[in-house]
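Containing mmCIF, C-alpha atoms: model.cif.
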```
data_upload
#
loop_
_atom_site.label_atom_id
_atom_site.label_comp_id
_atom_site.auth_asym_id
_atom_site.auth_seq_id
_atom_site.Cartn_x
_atom_site.Cartn_y
_atom_site.Cartn_z
CA MET A 1 -15.95 -26.77 -48.05
CA LYS A 2 -17.67 -27.86 -44.82
CA LYS A 3 -14.28 -28.76 -43.35
CA LEU A 4 -12.88 -25.36 -44.33
CA THR A 5 -15.89 -23.63 -42.74
CA ASN A 6 -15.31 -25.55 -39.51
CA ILE A 7 -11.64 -24.60 -39.53
CA ILE A 8 -12.53 -20.92 -40.01
CA LEU A 9 -15.17 -21.16 -37.27
CA MET A 10 -12.76 -22.82 -34.86
CA GLY A 11 -10.13 -20.24 -35.70
CA GLY A 12 -12.59 -17.43 -34.91
CA ILE A 13 -13.47 -19.04 -31.58
CA CYS A 14 -9.78 -19.39 -30.70
CA LEU A 15 -9.12 -15.75 -31.58
CA SER A 16 -12.14 -14.72 -29.51
CA LEU A 17 -10.94 -16.79 -26.53
CA LEU A 18 -7.46 -15.33 -26.93
CA ALA A 19 -8.89 -11.80 -26.96
CA CYS A 20 -10.95 -12.54 -23.82
CA SER A 21 -7.89 -14.02 -22.16
CA GLN A 22 -5.81 -10.95 -23.00
CA ALA A 23 -8.60 -8.65 -21.78
CA ASN A 24 -8.85 -10.55 -18.49
CA LYS A 25 -5.09 -10.46 -18.13
CA GLN A 26 -5.13 -6.71 -18.79
CA ASN A 27 -7.87 -6.23 -16.20
CA ILE A 28 -5.90 -8.22 -13.63
CA ASN A 29 -2.85 -6.08 -14.31
CA ASP A 30 -4.92 -2.90 -13.98
CA MET A 31 -6.22 -3.99 -10.57
CA GLU A 32 -2.63 -3.93 -9.40
CA LEU A 33 -2.35 -0.23 -10.23
CA SER A 34 -2.93 2.49 -7.65
CA ILE A 35 -6.05 4.63 -7.86
CA ARG A 36 -4.13 7.56 -9.31
CA GLU A 37 -2.44 5.30 -11.87
CA ILE A 38 -5.85 4.06 -13.09
CA VAL A 39 -7.17 7.63 -13.31
CA ASP A 40 -4.00 8.79 -15.12
CA LYS A 41 -4.15 5.86 -17.53
CA TYR A 42 -7.83 5.91 -18.46
CA TYR A 43 -9.36 9.25 -17.48
CA LYS A 44 -6.94 11.89 -18.75
CA GLY A 45 -8.82 14.88 -20.08
CA GLU A 46 -12.08 13.63 -18.53
CA ASN A 47 -12.33 16.28 -15.76
CA ILE A 48 -12.58 13.59 -13.12
CA TYR A 49 -10.67 13.80 -9.85
CA ILE A 50 -10.35 11.10 -7.17
CA GLY A 51 -8.51 12.00 -4.00
CA ALA A 52 -8.39 11.97 -0.22
CA SER A 53 -7.70 14.42 2.55
CA SER A 54 -4.17 14.65 3.85
CA ARG A 55 -3.46 15.15 7.53
CA SER A 56 -1.04 17.24 9.57
CA SER A 57 0.72 14.02 10.64
CA TYR A 58 1.90 13.59 7.02
CA TRP A 59 3.72 16.89 7.46
CA ASN A 60 5.23 16.62 10.92
CA LYS A 61 5.67 12.83 11.06
CA PRO A 62 5.74 11.26 7.57
CA ASP A 63 5.32 7.47 7.74
CA SER A 64 4.31 4.54 5.54
CA ILE A 65 0.68 5.74 5.46
CA ALA A 66 1.85 9.13 4.16
CA GLU A 67 3.96 7.43 1.51
CA ARG A 68 0.99 5.36 0.41
CA TYR A 69 -1.17 8.49 0.33
CA PHE A 70 1.04 10.23 -2.23
CA LYS A 71 1.21 7.05 -4.30
CA GLU A 72 -2.57 6.56 -4.40
CA PHE A 73 -3.98 10.05 -4.93
CA SER A 74 -3.36 12.93 -7.32
CA TYR A 75 -6.08 15.10 -5.75
CA ASN A 76 -5.10 16.44 -2.32
CA THR A 77 -7.32 18.25 0.19
CA PRO A 78 -5.30 19.06 3.31
CA GLU A 79 -7.67 18.41 6.19
CA ASN A 80 -7.01 21.45 8.39
CA SER A 81 -3.90 23.15 7.01
CA PHE A 82 -5.61 26.16 5.37
CA LYS A 83 -8.25 26.79 8.06
CA GLN A 84 -8.38 29.96 10.11
CA SER A 85 -8.13 27.81 13.23
CA THR A 86 -4.71 26.64 11.98
CA VAL A 87 -3.15 29.73 10.42
CA ASN A 88 -4.50 32.16 13.07
CA LYS A 89 -4.21 30.16 16.29
CA ARG A 90 -3.80 33.38 18.18
CA ASP A 91 -6.46 35.96 17.89
CA GLY A 92 -7.40 37.50 14.59
CA LEU A 93 -6.98 41.28 14.77
CA GLY A 94 -3.73 43.18 14.69
CA ASP A 95 -0.33 41.67 13.93
CA ASP A 96 -0.94 38.08 14.95
CA LYS A 97 1.43 35.62 13.36
CA TRP A 98 0.30 33.91 10.16
CA ARG A 99 1.18 30.22 10.35
CA GLY A 100 1.55 28.93 6.80
CA GLU A 101 4.24 26.27 7.31
CA GLU A 102 1.85 23.34 7.22
CA TYR A 103 0.04 24.21 3.98
CA THR A 104 3.33 25.27 2.40
CA TYR A 105 4.57 21.71 2.93
CA PHE A 106 1.57 20.29 1.07
CA ILE A 107 1.90 22.80 -1.76
CA ASP A 108 5.57 21.91 -2.20
CA LYS A 109 4.76 18.20 -1.95
CA ALA A 110 2.05 18.58 -4.60
CA ARG A 111 4.59 20.06 -7.01
CA GLU A 112 6.98 17.23 -6.24
CA THR A 113 4.42 14.43 -6.66
CA GLY A 114 2.21 15.87 -9.43
CA GLN A 115 -0.86 16.52 -7.30
CA VAL A 116 -3.53 19.21 -7.47
CA ILE A 117 -4.93 20.78 -4.30
CA ARG A 118 -8.32 21.92 -3.10
CA ALA A 119 -7.67 24.47 -0.35
CA HIS A 120 -10.17 23.76 2.41
CA GLY A 121 -9.94 27.09 4.22
CA PRO A 122 -13.45 28.52 4.03
CA ILE A 123 -15.28 31.15 6.04
CA SER A 124 -17.21 28.73 8.19
CA PRO A 125 -17.44 27.08 11.61
CA GLN A 126 -13.79 26.09 11.11
CA CYS A 127 -12.46 29.17 12.92
CA ASN A 128 -10.41 29.74 16.04
CA ARG A 129 -11.80 30.02 19.56
CA TRP A 130 -11.29 33.76 19.82
CA THR A 131 -13.54 34.22 16.78
CA ARG A 132 -16.22 32.01 18.40
CA GLU A 133 -16.36 34.05 21.62
CA ASP A 134 -19.93 35.15 22.32
CA ASN A 135 -18.92 38.81 22.82
CA ARG A 136 -17.44 39.24 19.32
CA THR A 137 -18.84 42.29 17.55
CA ALA A 138 -19.78 42.57 13.89
CA GLN A 139 -16.89 45.01 13.38
CA GLU A 140 -14.36 42.63 14.93
CA LEU A 141 -15.56 39.70 12.83
CA GLU A 142 -15.47 41.77 9.64
CA GLY A 143 -11.86 42.69 10.37
CA VAL A 144 -10.94 39.04 10.99
CA LEU A 145 -12.68 37.87 7.81
CA LEU A 146 -11.05 40.60 5.71
CA ARG A 147 -7.56 39.82 6.96
CA TYR A 148 -7.86 36.03 6.80
CA MET A 149 -9.56 35.70 3.41
CA THR A 150 -7.37 38.38 1.78
CA THR A 151 -4.13 36.79 3.01
CA LEU A 152 -5.24 33.26 2.13
CA SER A 153 -6.46 34.27 -1.35
CA LYS A 154 -3.14 35.96 -2.14
CA GLU A 155 -1.24 32.90 -0.92
CA LEU A 156 -3.32 30.57 -3.09
CA GLU A 157 -3.01 32.79 -6.15
CA LYS A 158 0.80 32.68 -5.83
CA ASN A 159 0.53 28.89 -6.05
CA HIS A 160 -2.18 28.52 -8.68
CA ASP A 161 0.01 26.05 -10.58
CA VAL A 162 -0.96 23.37 -8.03
CA VAL A 163 -3.89 24.90 -6.10
CA LYS A 164 -6.84 24.33 -8.43
CA TRP A 165 -9.81 25.05 -6.10
CA MET A 166 -10.60 26.88 -2.89
CA ASP A 167 -13.60 26.37 -0.61
CA VAL A 168 -14.86 29.92 -0.07
CA VAL A 169 -17.71 29.16 2.34
CA ASN A 170 -18.65 25.97 4.15
CA GLU A 171 -21.57 24.69 6.26
CA VAL A 172 -23.56 27.93 5.93
CA PHE A 173 -26.78 26.00 6.61
CA THR A 174 -27.40 24.07 9.81
CA GLY A 175 -27.97 20.66 8.22
CA SER A 176 -29.78 19.35 11.31
CA LYS A 177 -31.71 20.91 14.15
CA GLN A 178 -29.38 22.89 16.41
CA TYR A 179 -30.05 25.25 19.29
CA GLY A 180 -28.00 28.43 19.52
CA ILE A 181 -27.91 31.96 20.91
CA GLY A 182 -29.43 33.62 17.85
CA TYR A 183 -27.90 35.30 14.81
CA ASP A 184 -26.95 38.43 16.76
CA ALA A 185 -25.68 36.38 19.75
CA SER A 186 -28.12 38.23 22.02
CA LEU A 187 -29.22 35.20 24.07
CA ASN A 188 -27.40 33.81 27.10
CA GLU A 189 -28.35 30.18 26.49
CA ASN A 190 -28.85 27.92 23.45
CA THR A 191 -32.60 28.49 23.20
CA TYR A 192 -32.93 29.70 19.59
CA LEU A 193 -33.75 26.85 17.18
CA TYR A 194 -31.91 26.70 13.86
CA GLU A 195 -33.84 24.41 11.51
CA PRO A 196 -31.86 22.14 9.13
CA ASP A 197 -32.29 24.51 6.16
CA ASP A 198 -31.72 27.69 8.20
CA TRP A 199 -28.53 29.71 8.10
CA PHE A 200 -26.20 28.25 10.72
CA GLY A 201 -25.44 30.71 13.51
CA PRO A 202 -23.67 31.27 16.83
CA ARG A 203 -23.94 28.96 19.82
CA LYS A 204 -22.97 29.42 23.45
CA GLY A 205 -19.28 29.26 24.35
CA ASN A 206 -16.27 28.85 22.10
CA ASP A 207 -15.48 25.13 22.17
CA GLY A 208 -18.28 23.64 20.07
CA TRP A 209 -19.46 23.49 16.48
CA GLU A 210 -20.97 26.87 15.56
CA ASN A 211 -20.90 29.55 12.88
CA PRO A 212 -20.27 33.02 14.36
CA TRP A 213 -20.12 34.93 11.05
CA PRO A 214 -23.87 35.81 10.79
CA ILE A 215 -23.23 38.26 13.65
CA MET A 216 -21.91 40.52 10.87
CA GLY A 217 -25.54 40.97 9.81
CA PHE A 218 -27.86 40.14 6.93
CA GLU A 219 -28.72 41.76 3.63
CA LYS A 220 -32.22 41.68 2.19
CA VAL A 221 -32.18 40.09 -1.27
CA THR A 222 -34.77 40.17 -4.02
CA PHE A 223 -33.82 37.72 -6.75
CA ASN A 224 -35.77 35.76 -9.36
CA GLY A 225 -39.06 36.92 -7.85
CA GLU A 226 -38.13 35.84 -4.31
CA THR A 227 -37.21 37.96 -1.32
CA PHE A 228 -34.99 36.49 1.37
CA GLU A 229 -32.19 37.41 3.76
CA MET A 230 -28.60 36.29 3.34
CA PRO A 231 -25.70 36.66 5.81
CA CYS A 232 -23.39 39.46 4.68
CA TYR A 233 -20.26 37.36 5.20
CA ILE A 234 -21.04 35.10 2.23
CA ARG A 235 -20.97 37.88 -0.35
CA MET A 236 -17.93 39.45 1.32
CA ALA A 237 -16.00 36.15 1.22
CA PHE A 238 -16.67 35.66 -2.49
CA GLU A 239 -15.79 39.28 -3.28
CA ILE A 240 -12.39 38.92 -1.61
CA ALA A 241 -11.69 35.52 -3.20
CA ASN A 242 -12.63 36.82 -6.64
CA GLN A 243 -10.44 39.89 -6.24
CA TYR A 244 -7.29 38.29 -4.85
CA ALA A 245 -7.42 34.71 -6.23
CA PRO A 246 -8.71 35.16 -9.80
CA SER A 247 -6.95 32.01 -11.08
CA ILE A 248 -8.41 29.68 -8.43
CA LYS A 249 -11.80 27.98 -8.89
CA LYS A 250 -14.28 29.01 -6.20
CA ILE A 251 -16.27 26.28 -4.44
CA TRP A 252 -19.37 26.60 -2.25
CA ASN A 253 -19.14 23.68 0.19
CA SER A 254 -22.23 22.22 1.85
CA HIS A 255 -22.85 19.23 4.12
CA GLY A 256 -25.27 16.65 5.46
CA ARG A 257 -25.64 12.91 5.96
CA GLU A 258 -28.34 13.01 3.30
CA VAL A 259 -29.19 15.46 0.52
CA ASN A 260 -31.79 17.67 2.21
CA MET A 261 -33.87 19.03 -0.68
CA ASP A 262 -35.21 22.03 1.30
CA LEU A 263 -31.66 22.99 2.21
CA PHE A 264 -30.60 22.39 -1.41
CA ALA A 265 -33.34 24.74 -2.65
CA ASN A 266 -32.06 27.52 -0.37
CA LEU A 267 -28.51 26.80 -1.43
CA LYS A 268 -29.35 26.99 -5.16
CA ARG A 269 -31.04 30.37 -4.99
CA SER A 270 -28.26 31.77 -2.78
CA LEU A 271 -25.50 30.54 -5.06
CA LEU A 272 -27.23 31.86 -8.18
CA TYR A 273 -27.71 35.23 -6.47
CA ILE A 274 -23.99 35.48 -5.70
CA ARG A 275 -23.29 34.70 -9.35
CA SER A 276 -25.75 37.37 -10.47
CA LEU A 277 -23.49 39.94 -8.79
CA GLY A 278 -20.77 39.08 -11.29
CA LEU A 279 -18.84 36.95 -8.78
CA LYS A 280 -17.40 33.63 -9.88
CA VAL A 281 -18.72 30.50 -8.24
CA ASP A 282 -17.25 27.54 -10.13
CA GLY A 283 -18.54 24.55 -8.22
CA LEU A 284 -20.74 23.10 -5.53
CA ALA A 285 -19.42 20.54 -3.05
CA TRP A 286 -21.24 18.21 -0.70
CA GLN A 287 -19.70 16.66 2.41
CA ALA A 288 -21.04 13.12 2.35
CA HIS A 289 -20.61 11.75 5.87
CA VAL A 290 -23.23 9.10 5.16
CA LYS A 291 -24.50 6.24 7.26
CA LEU A 292 -23.81 2.60 6.46
CA GLY A 293 -26.51 1.41 4.06
CA TRP A 294 -27.19 4.93 2.73
CA GLU A 295 -27.70 3.49 -0.76
CA LYS A 296 -30.58 1.23 0.33
CA ASN A 297 -32.93 4.21 0.26
CA PRO A 298 -33.54 4.90 -3.46
CA GLN A 299 -34.41 8.52 -2.66
CA ASN A 300 -30.84 9.15 -1.50
CA ILE A 301 -29.50 8.09 -4.89
CA ALA A 302 -32.17 10.11 -6.69
CA ASN A 303 -31.44 13.28 -4.69
CA LEU A 304 -27.70 12.97 -5.27
CA GLN A 305 -28.36 12.64 -9.00
CA LYS A 306 -30.60 15.74 -8.92
CA MET A 307 -27.84 17.74 -7.27
CA ILE A 308 -25.22 16.67 -9.81
CA THR A 309 -27.57 17.30 -12.75
CA TRP A 310 -28.42 20.80 -11.50
CA CYS A 311 -24.73 21.64 -11.17
CA HIS A 312 -23.88 20.54 -14.69
CA GLU A 313 -26.95 22.29 -16.14
CA ASN A 314 -25.72 25.49 -14.49
CA ASN A 315 -22.09 25.14 -15.62
CA LEU A 316 -20.88 24.20 -12.16
CA GLU A 317 -18.45 21.51 -11.16
CA PHE A 318 -19.75 18.99 -8.64
CA HIS A 319 -17.58 17.64 -5.82
CA ILE A 320 -18.19 15.11 -3.10
CA SER A 321 -15.77 16.93 -0.85
CA GLU A 322 -15.76 14.64 2.20
CA LEU A 323 -16.76 11.01 1.78
CA ASP A 324 -16.69 8.48 4.58
CA VAL A 325 -19.19 5.99 6.01
CA ILE A 326 -20.48 6.13 9.59
CA VAL A 327 -20.60 2.54 10.87
CA TYR A 328 -21.18 3.23 14.56
CA GLU A 329 -22.36 6.15 16.66
CA ASN A 330 -23.08 6.44 20.36
CA HIS A 331 -23.77 9.66 22.20
CA ALA A 332 -21.67 8.57 25.18
CA ASN A 333 -18.08 9.50 24.34
CA ASN A 334 -15.97 7.02 26.28
CA THR A 335 -13.26 4.42 25.79
CA ARG A 336 -15.68 1.50 25.62
CA ASN A 337 -17.65 3.06 22.77
CA GLN A 338 -14.44 3.76 20.89
CA GLU A 339 -13.50 0.10 21.23
CA ILE A 340 -16.92 -0.92 19.88
CA GLY A 341 -16.43 1.54 17.01
CA TRP A 342 -13.14 -0.05 15.97
CA GLN A 343 -14.74 -3.50 16.16
CA LYS A 344 -17.68 -2.40 13.98
CA LEU A 345 -15.22 -1.09 11.40
CA LYS A 346 -13.74 -4.58 11.08
CA GLU A 347 -17.10 -6.36 10.99
CA THR A 348 -18.79 -4.33 8.24
CA ARG A 349 -16.21 -4.26 5.44
CA LYS A 350 -18.54 -5.71 2.79
CA GLU A 351 -21.34 -3.26 3.63
CA GLN A 352 -18.90 -0.34 3.63
CA ALA A 353 -17.80 -1.25 0.10
CA GLU A 354 -21.43 -1.42 -1.05
CA THR A 355 -22.20 2.07 0.29
CA ILE A 356 -19.03 3.65 -1.10
CA GLY A 357 -19.45 1.78 -4.38
CA ALA A 358 -23.04 2.95 -4.86
CA MET A 359 -22.05 6.57 -4.37
CA LEU A 360 -19.03 6.28 -6.66
CA GLU A 361 -21.19 4.66 -9.34
CA VAL A 362 -23.56 7.65 -9.45
CA PHE A 363 -20.51 9.88 -9.65
CA LEU A 364 -18.98 7.93 -12.55
CA GLN A 365 -22.27 7.74 -14.44
CA ASN A 366 -22.11 11.54 -14.70
CA ARG A 367 -18.61 11.51 -16.15
CA GLY A 368 -18.51 13.52 -19.35
CA LYS A 369 -21.50 15.71 -18.44
CA GLY A 370 -19.35 18.11 -16.43
CA ALA A 371 -16.40 18.16 -14.07
CA VAL A 372 -16.69 15.90 -11.03
CA GLY A 373 -14.42 15.40 -8.04
CA LEU A 374 -14.52 12.90 -5.18
CA ASN A 375 -12.49 13.34 -2.03
CA PHE A 376 -12.38 10.72 0.75
CA TRP A 377 -12.27 12.36 4.17
CA THR A 378 -8.93 10.84 5.13
CA MET A 379 -7.80 7.71 3.33
CA HIS A 380 -8.14 5.46 6.38
CA ASP A 381 -10.61 4.53 9.12
CA HIS A 382 -10.84 6.71 12.19
CA VAL A 383 -12.86 7.00 15.36
CA HIS A 384 -13.59 10.61 16.20
CA GLY A 385 -15.14 11.08 19.61
CA ASN A 386 -18.12 8.73 19.61
CA ILE A 387 -18.36 8.09 15.84
CA ALA A 388 -16.56 5.43 13.78
CA PHE A 389 -15.86 6.44 10.17
CA ALA A 390 -14.87 3.95 7.45
CA SER A 391 -12.73 4.71 4.42
CA LEU A 392 -10.48 2.85 1.95
CA PHE A 393 -7.72 1.68 4.30
CA ASP A 394 -7.62 0.54 7.90
CA ASP A 395 -5.81 2.60 10.53
CA MET A 396 -2.53 0.84 9.68
CA GLY A 397 -2.79 1.76 6.00
CA ASN A 398 -3.85 -1.68 4.74
CA PRO A 399 -6.37 -1.62 1.86
CA ASN A 400 -9.84 -3.00 2.52
CA GLU A 401 -12.81 -4.07 0.39
CA SER A 402 -13.81 -0.46 -0.33
CA TYR A 403 -10.42 0.27 -1.86
CA TYR A 404 -10.74 -2.62 -4.30
CA LYS A 405 -14.35 -1.66 -5.03
CA VAL A 406 -13.23 1.83 -6.07
CA LYS A 407 -10.65 0.40 -8.48
CA GLU A 408 -13.12 -2.14 -9.84
CA LEU A 409 -15.66 0.60 -10.63
CA LEU A 410 -13.06 2.91 -12.15
CA LEU A 411 -12.13 0.10 -14.54
CA LYS A 412 -15.78 -0.73 -15.22
CA TYR A 413 -16.47 2.85 -16.37
CA VAL A 414 -13.30 3.31 -18.42
CA PRO A 415 -14.12 5.73 -21.29
CA GLN A 416 -14.69 3.82 -24.54
#
```
Kindly transcribe the structure held in the file into structure tokens.
Amino acid sequence: MKKLTNIILMGGICLSLLACSQANKQNINDMELSIREIVDKYYKGENIYIGASSRSSYWNKPDSIAERYFKEFSYNTPENSFKQSTVNKRDGLGDDKWRGEEYTYFIDKARETGQVIRAHGPISPQCNRWTREDNRTAQELEGVLLRYMTTLSKELEKNHDVVKWMDVVNEVFTGSKQYGIGYDASLNENTYLYEPDDWFGPRKGNDGWENPWPIMGFEKVTFNGETFEMPCYIRMAFEIANQYAPSIKKIWNSHGREVNMDLFANLKRSLLYIRSLGLKVDGLAWQAHVKLGWEKNPQNIANLQKMITWCHENNLEFHISELDVIVYENHANNTRNQEIGWQKLKETRKEQAETIGAMLEVFLQNRGKGAVGLNFWTMHDHVHGNIAFASLFDDMGNPNESYYKVKELLLKYVPQ
């Protein structure tokens, strides 16, 4: 009997070891899959989207990086293709040509490759130079907004089989201290201070980062016992999008290197007010251009979790709409600093993976509580001006530690 017991015990151990071996083998095989293959295999029906921004170079000069992009991602956010600065390069009123060739390519490519698109073409600082001129009147800007948002919404609605979301407004708050020429553009110099949680407004000239749309004026709002002012363009943008793109989910896109809770409080009340008017707002997005080591401050993780929880409690999707990691920054924009930036990208691979992994882990821990989407702001490293940004691939399209970390975590959180 004892001998039989030992045989049964040994048999159980062998079966257990065999099962572990098969599981490890399966895991190894899964690590060879692309990101989109892992999501398709294990997260179907989970309302989870992992993607990256596509670039104009994929359209006018497809190469091996572009090929890898379509293999790796089923969620596509064209970087600039839908923006007013792209489709209305010439100036907004009258019969200016509408340039839709670039986004049409990505829509057609999405159908071909089985992708879904978030159209990043919001009313925002991402507008053409004519719109940013300091002498623009409220009437001129209203005409530009009406034409652009109406045309874009109709275009997206025609393609709602692949265009799932649209960013309606973006960067409406300053996010950091900025000096400008005031909301009515009445000053000659940048002497008016916009605080981080203030509405972002005009700045001098037409070649910098600014938000001219508040020139259209403000409406006084009384909502949930609070009285505040809101730029008129926000409501107008959502009204047009709701009217002409009823099938597309409407996203309010925000930004910041950290989750600023004062800014978030202003955002929440503003978003809920827009909803109270009977206008659809389906999701909130955060551009996460975070610094290396962002996760080492526990408050950053806690604030991100608060933002996701609030969204799901209020029947909103949550998107990290632009994720990359800042590994180097120097205010002097010159060739030497760019060289240092590229070097820092190579030297900090392990730390980059830790930062991206920590953010992705919070994201995956909220799977099943509501829809979540994560979009890397380009799939590969880049140095923009004086800032070096890290992503999943190097500038030649070779995967780095962050890429493997993403796949490792996706497999760790596979739905049971």
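Here CA of Asn330 in chain A and CA of Lys405 in chain A stand 28.0 Å from one another.
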One decimal, Å: what's the distance from CA of Phe363 in chain A over to CA of Ala241 in chain A, could you say?
27.9 Å
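The space between CA of Cys311 in chain A and CA of Leu271 in chain A spans 10.8 Å.
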Do a neighbour search on range 213-230 of chain A at 8 Å with all atoms listed in the file, toss out local chain neighbours closer than 5 positions, and write the hits as a list in words.
Ile123, Ser124, Thr137, Ala138, Gln139, Leu141, Glu142, Tyr183, Asp184, Ala185, Phe200, Gly201, Pro202, Ser270 and Tyr273 of chain A
Apply the PyMOL selection byres ((chain A and resi 34) around 10) to the structure shown and report the selected residues as a PDB file with C-alpha atoms, keeping the file's coordinate frame.
```pdb
ATOM      1  CA  ASP A  30      -4.920  -2.900 -13.980  1.00  0.00           C
ATOM      2  CA  MET A  31      -6.220  -3.990 -10.570  1.00  0.00           C
ATOM      3  CA  GLU A  32      -2.630  -3.930  -9.400  1.00  0.00           C
ATOM      4  CA  LEU A  33      -2.350  -0.230 -10.230  1.00  0.00           C
ATOM      5  CA  ILE A  35      -6.050   4.630  -7.860  1.00  0.00           C
ATOM      6  CA  ARG A  36      -4.130   7.560  -9.310  1.00  0.00           C
ATOM      7  CA  GLU A  37      -2.440   5.300 -11.870  1.00  0.00           C
ATOM      8  CA  ILE A  38      -5.850   4.060 -13.090  1.00  0.00           C
ATOM      9  CA  VAL A  39      -7.170   7.630 -13.310  1.00  0.00           C
ATOM     10  CA  ASP A  40      -4.000   8.790 -15.120  1.00  0.00           C
ATOM     11  CA  ARG A  68       0.990   5.360   0.410  1.00  0.00           C
ATOM     12  CA  LYS A  71       1.210   7.050  -4.300  1.00  0.00           C
ATOM     13  CA  GLU A  72      -2.570   6.560  -4.400  1.00  0.00           C
ATOM     14  CA  PHE A  73      -3.980  10.050  -4.930  1.00  0.00           C
ATOM     15  CA  TYR A 403     -10.420   0.270  -1.860  1.00  0.00           C
ATOM     16  CA  TYR A 404     -10.740  -2.620  -4.300  1.00  0.00           C
ATOM     17  CA  LYS A 407     -10.650   0.400  -8.480  1.00  0.00           C
TER      18      LYS A 407
END
```
Given the file shown, determine the residues that the PyMOL selection byres ((chain A and resi 119) around 8) selects; report them as a list in words.
Thr77, Pro78, Phe82, Ile117, Arg118, His120, Gly121, Leu156, Val163, Trp165, Met166 and Asp167 of chain A
I'd like the residues picked by the PyMOL selection byres ((chain A and resi 281-290) around 7) written out as a VMD selection string, using the chain letters and numbers from the file.
chain A and resid 249 to 258 275 279 to 280 291 to 292 294 316 to 326
